[in-house]
$ cat run_36.csv   # CSV, C-alpha atoms
chain,number,residue,atom,x,y,z
A,1,MET,CA,-4.7,16.4,13.9
A,2,ALA,CA,-5.5,18.6,10.9
A,3,GLY,CA,-8.7,16.7,10.2
A,4,LEU,CA,-7.9,15.6,6.7
A,5,SER,CA,-8.6,12.1,5.8
A,6,CYS,CA,-8.7,9.6,2.9
A,7,ARG,CA,-9.4,5.9,2.4
A,8,LEU,CA,-7.6,3.2,0.5
A,9,CYS,CA,-8.1,-0.3,-0.6
A,10,VAL,CA,-4.9,-2.2,0.0
A,11,ILE,CA,-3.2,-5.6,0.2
A,12,VAL,CA,-1.8,-6.4,3.6
A,13,PRO,CA,0.8,-9.1,3.5
A,14,PRO,CA,1.2,-12.1,5.8
A,15,GLY,CA,3.1,-11.5,9.0
A,16,SER,CA,6.6,-12.7,7.9
A,17,THR,CA,6.5,-10.4,4.8
A,18,GLU,CA,5.0,-7.6,6.9
A,19,ALA,CA,7.9,-7.9,9.3
A,20,ALA,CA,10.6,-7.9,6.6
A,21,VAL,CA,9.1,-4.9,4.8
A,22,GLY,CA,8.8,-3.2,8.2
A,23,ARG,CA,12.5,-3.7,8.8
A,24,VAL,CA,13.2,-2.0,5.5
A,25,GLN,CA,11.0,1.0,6.5
A,26,GLU,CA,12.9,1.2,9.9
A,27,ARG,CA,16.3,1.2,8.2
A,28,LEU,CA,15.2,4.0,5.9
A,29,PHE,CA,14.3,6.0,8.9
A,30,SER,CA,17.4,5.2,10.9
A,31,GLU,CA,19.9,5.5,8.1
A,32,HIS,CA,18.4,8.5,6.2
A,33,GLY,CA,16.2,10.2,8.8
A,34,LEU,CA,13.2,9.8,6.5
A,35,VAL,CA,10.2,10.0,8.9
A,36,SER,CA,7.7,9.2,6.3
A,37,ALA,CA,9.2,5.7,5.7
A,38,PRO,CA,7.6,4.0,8.8
A,39,SER,CA,4.5,6.3,8.9
A,40,LEU,CA,2.2,3.6,7.3
A,41,PRO,CA,2.4,-0.2,7.9
A,42,PRO,CA,3.6,-2.4,5.0
A,43,LEU,CA,0.8,-2.2,2.5
A,44,MET,CA,0.4,-2.4,-1.3
A,45,PRO,CA,-2.1,0.3,-2.4
A,46,LEU,CA,-4.8,-0.7,-4.9
A,47,ALA,CA,-6.9,2.4,-5.1
A,48,PHE,CA,-7.7,5.6,-3.2
A,49,LEU,CA,-11.5,5.7,-2.5
A,50,GLY,CA,-14.1,8.4,-2.4
A,51,ASP,CA,-16.0,9.6,0.7
A,52,ARG,CA,-19.1,7.4,0.3
A,53,GLU,CA,-19.2,4.3,2.6
A,54,PRO,CA,-18.8,1.2,0.5
A,55,ALA,CA,-21.5,-1.4,0.4
A,56,ALA,CA,-20.9,-4.5,2.5
A,57,GLY,CA,-19.2,-7.4,0.7
A,58,MET,CA,-17.2,-5.2,-1.7
A,59,LEU,CA,-13.8,-6.6,-0.6
A,60,ARG,CA,-15.1,-10.1,-1.3
A,61,GLN,CA,-16.2,-9.0,-4.8
A,62,VAL,CA,-12.7,-7.5,-5.4
A,63,SER,CA,-11.1,-10.7,-4.2
A,64,ARG,CA,-13.0,-12.8,-6.6
A,65,SER,CA,-11.5,-10.9,-9.6
A,66,VAL,CA,-8.3,-13.0,-9.2
A,67,PRO,CA,-8.3,-16.7,-9.8
A,68,ALA,CA,-6.6,-19.1,-7.4
A,69,GLY,CA,-3.0,-19.8,-7.8
A,70,TRP,CA,-1.6,-16.2,-7.6
A,71,ARG,CA,1.8,-15.4,-6.1
A,72,ILE,CA,3.2,-12.0,-5.3
A,73,GLU,CA,7.0,-11.6,-5.4
A,74,VAL,CA,8.9,-8.6,-4.1
A,75,GLN,CA,12.1,-7.6,-6.0
A,76,GLY,CA,14.0,-4.4,-5.6
A,77,PHE,CA,12.8,-0.9,-5.3
A,78,GLN,CA,11.6,1.9,-7.5
A,79,TRP,CA,11.0,5.6,-7.2
A,80,VAL,CA,7.6,6.6,-8.5
A,81,GLU,CA,6.7,10.3,-8.7
A,82,GLY,CA,9.0,11.1,-5.7
A,83,HIS,CA,7.9,8.2,-3.5
A,84,LEU,CA,9.8,5.0,-2.8
A,85,PHE,CA,8.3,1.5,-3.3
A,86,ALA,CA,9.5,-2.0,-2.8
A,87,ARG,CA,8.7,-3.3,-6.3
A,88,ALA,CA,6.5,-6.4,-6.7
A,89,THR,CA,5.2,-8.6,-9.4
A,90,SER,CA,2.1,-10.6,-9.3
A,91,GLY,CA,1.5,-12.1,-12.7
A,92,GLY,CA,-1.4,-9.8,-13.3
A,93,ALA,CA,-3.2,-10.3,-9.9
A,94,TRP,CA,-2.4,-6.8,-8.7
A,95,GLN,CA,-3.7,-5.3,-11.9
A,96,ARG,CA,-6.9,-7.3,-11.7
A,97,LEU,CA,-7.4,-6.3,-8.1
A,98,ARG,CA,-6.8,-2.7,-8.9
A,99,ALA,CA,-9.3,-2.7,-11.7
A,100,ALA,CA,-11.9,-4.5,-9.5
A,101,ALA,CA,-11.4,-2.0,-6.7
A,102,GLU,CA,-11.7,1.0,-9.0
A,103,ALA,CA,-14.9,-0.5,-10.4
A,104,ALA,CA,-16.4,-1.4,-7.0
A,105,PHE,CA,-15.7,1.7,-5.0
A,106,GLU,CA,-16.4,5.4,-5.5
A,107,ARG,CA,-13.4,7.3,-6.8
A,108,PRO,CA,-12.0,10.2,-4.8
A,109,ALA,CA,-12.6,13.8,-5.8
A,110,SER,CA,-8.8,14.6,-5.5
A,111,PRO,CA,-5.6,12.6,-6.0
A,112,GLY,CA,-4.3,10.3,-3.3
A,113,LEU,CA,-1.5,11.0,-0.9
A,114,PHE,CA,0.9,9.0,-3.0
A,115,PRO,CA,0.9,7.1,-6.3
A,116,VAL,CA,-0.7,3.8,-6.6
A,117,PHE,CA,1.9,1.3,-7.8
A,118,GLU,CA,2.5,-2.4,-7.7
A,119,GLY,CA,4.7,-2.6,-4.6
A,120,PHE,CA,4.9,-1.8,-0.9
A,121,TYR,CA,4.8,1.9,-0.1
A,122,LEU,CA,8.0,2.9,1.6
A,123,GLY,CA,7.4,6.7,1.8
A,124,CYS,CA,10.6,8.8,1.5
A,125,SER,CA,8.7,11.7,-0.2
A,126,GLU,CA,10.6,14.2,1.9
A,127,ALA,CA,14.0,13.2,0.4
A,128,ALA,CA,15.4,15.9,-1.8
A,129,PRO,CA,15.4,14.9,-5.5
A,130,GLU,CA,19.2,15.1,-5.6
A,131,ALA,CA,19.5,12.8,-2.6
A,132,ARG,CA,17.3,10.0,-4.0
A,133,HIS,CA,20.1,8.4,-5.9
A,134,GLY,CA,21.8,7.6,-2.6
A,135,ILE,CA,18.7,6.0,-1.1
A,136,ALA,CA,18.9,2.4,-2.4
A,137,PRO,CA,17.5,0.1,0.3
A,138,SER,CA,18.3,-3.6,0.3
A,139,ILE,CA,15.0,-5.4,-0.3
A,140,PRO,CA,15.0,-9.0,0.7
A,141,ALA,CA,13.6,-11.6,-1.7
A,142,LEU,CA,10.0,-12.2,-0.6
A,143,SER,CA,7.0,-14.0,-2.0
A,144,PHE,CA,3.6,-14.9,-0.7
A,145,THR,CA,0.4,-16.6,-1.7
A,146,SER,CA,-1.8,-15.5,1.2
A,147,ALA,CA,-2.7,-11.9,2.2
A,148,THR,CA,-5.6,-9.7,3.3
A,149,LEU,CA,-7.5,-7.2,1.4
A,150,ALA,CA,-8.4,-4.2,3.5
A,151,LEU,CA,-9.9,-0.8,3.6
A,152,VAL,CA,-7.7,1.7,5.5
A,153,THR,CA,-8.7,5.1,6.7
A,154,VAL,CA,-5.9,7.6,7.1
A,155,GLN,CA,-6.3,10.9,9.0
A,156,HIS,CA,-3.4,13.1,8.1
A,157,ALA,CA,-1.8,16.6,8.1
A,158,PRO,CA,-2.0,18.7,4.9
A,159,ALA,CA,0.4,18.0,2.0
A,160,PRO,CA,3.2,17.9,1.3
A,161,ASP,CA,4.2,16.6,4.8
A,162,TRP,CA,1.0,14.7,5.3
A,163,TRP,CA,2.9,12.0,7.2
A,164,SER,CA,4.0,14.4,9.9
A,165,ASP,CA,0.7,14.0,11.8
A,166,LEU,CA,-0.9,10.7,10.9
A,167,HIS,CA,-3.3,8.1,12.3
A,168,TRP,CA,-4.4,5.1,10.3
A,169,GLU,CA,-7.0,2.4,10.9
A,170,ILE,CA,-8.0,-0.8,9.1
A,171,THR,CA,-11.8,-0.5,8.9
A,172,GLU,CA,-12.6,-3.7,7.0
A,173,GLU,CA,-10.7,-6.9,6.0
A,174,PHE,CA,-11.2,-9.9,3.8
A,175,PRO,CA,-8.9,-12.9,3.4
A,176,PHE,CA,-7.2,-13.0,0.0
A,177,ARG,CA,-6.0,-16.6,-0.4
A,178,GLY,CA,-4.7,-18.8,-3.2
A,179,ARG,CA,-7.9,-20.9,-2.9
A,180,ARG,CA,-11.4,-19.5,-2.7
A,181,ILE,CA,-13.5,-19.1,0.4
A,182,ALA,CA,-17.1,-19.8,-0.3

$ encode --input "run_36.csv" --output "structure tokens"
Amino acid sequence: MAGLSCRLCVIVPPGSTEAAVGRVQERLFSEHGLVSAPSLPPLMPLAFLGDREPAAGMLRQVSRSVPAGWRIEVQGFQWVEGHLFARATSGGAWQRLRAAAEAAFERPASPGLFPVFEGFYLGCSEAAPEARHGIAPSIPALSFTSATLALVTVQHAPAPDWWSDLHWEITEEFPFRGRRIA
């Protein structure tokens, strides 16, 4: 392990959605040989974080930025700055969570490993630009109203092939539900 690391605040989907997105990641690997596709679990990035350890309760605070009744729907895919995402819509919930995470946590000194975008990160950054038009995964229709907010630490190799030597760990979690937990 090269010893580089970063931290992210993410949305982790419920099990059925996680399994469906995981199957898309595995197909990208098996059909196109894109090793980066299954390198991280199915997650929706909200923000890359700085090095300082966050105060306890920050995920609860981020969660409270979104009123009850939210729904996230997954629909199609999109290339963003050379990385593939399963595109999602949330009626503004993702944007509010992202803003709350950026306000609650220290920002990193350098850019993250990949763009932060409203969708599930599918990797594929090693695909040549001219090959990307041929990478068009079938994304199942998915929606969910229950998830987990999490802090994830990623130890990785240097860019650009950061996913070639990678270890990730969820270091903190908080339920993100349609109804509030006191």

$ atom_distance --input "run_36.csv" --atom1 "CA of Glu26 in chain A" --atom2 "CA of Ile135 in chain A"
13.3 Å

$ closest_residue --input "run_36.csv" --among "A:Ala93, A:Leu113, A:Met44, A:Cys6" --to "Val66 in chain A" --atoms "only C-alpha atoms"
A:Ala93

$ closest_atom_pairs --input "run_36.csv" --of "range 26-117 of chain A" --to "range 158-163 of chain A" --cutoff "10 Å" --atoms "all atoms listed in the file" --output "tab-separated table"
residue	atom	partner	partner_atom	distance
A:Val35	CA	A:Trp163	CA	7.8
A:Ser36	CA	A:Trp163	CA	5.6
A:Ala37	CA	A:Trp163	CA	9.0
A:Pro38	CA	A:Trp163	CA	9.4
A:Ser39	CA	A:Trp163	CA	6.2
A:Leu40	CA	A:Trp163	CA	8.4
A:Leu113	CA	A:Trp162	CA	7.6

$ atom_distance --input "run_36.csv" --atom1 "CA of Pro111 in chain A" --atom2 "CA of Phe176 in chain A"
26.3 Å

$ closest_residue --input "run_36.csv" --among "A:Gly57, A:Pro42, A:Gly3, A:Gly119" --to "Ala20 in chain A" --atoms "only C-alpha atoms"
A:Pro42

$ residues_around --input "run_36.csv" --residues "Leu4 in chain A" --least-positions-apart "6" --cutoff "8 Å" --atoms "all atoms listed in the file" --output "list in words"
Gln155, His156, Ala157 and Pro158 of chain A

$ write_last_selection --input "run_36.csv" --atoms "C-alpha atoms" --output "PDB file, keeping the file's coordinate frame"
ATOM      1  CA  GLN A 155      -6.300  10.900   9.000  1.00  0.00           C
ATOM      2  CA  HIS A 156      -3.400  13.100   8.100  1.00  0.00           C
ATOM      3  CA  ALA A 157      -1.800  16.600   8.100  1.00  0.00           C
ATOM      4  CA  PRO A 158      -2.000  18.700   4.900  1.00  0.00           C
TER       5      PRO A 158
END

$ closest_residue --input "run_36.csv" --among "A:Val21, A:Gly112, A:Phe174, A:Cys9" --to "Leu97 in chain A" --atoms "all atoms listed in the file"
A:Cys9

$ residues_near_point --input "run_36.csv" --point "(11.9, 3.4, -11.7)" --cutoff "12 Å" --atoms "all atoms listed in the file" --output "PyMOL selection string"
chain A and resi 76-87+117-119+132-133+136

$ atom_distance --input "run_36.csv" --atom1 "CA of Phe48 in chain A" --atom2 "CA of Ser5 in chain A"
11.1 Å

$ residues_around --input "run_36.csv" --residues "Ala19 in chain A" --least-positions-apart "6" --cutoff "10 Å" --atoms "all atoms listed in the file" --output "list in words"
Pro13, Gln25, Pro41 and Pro42 of chain A
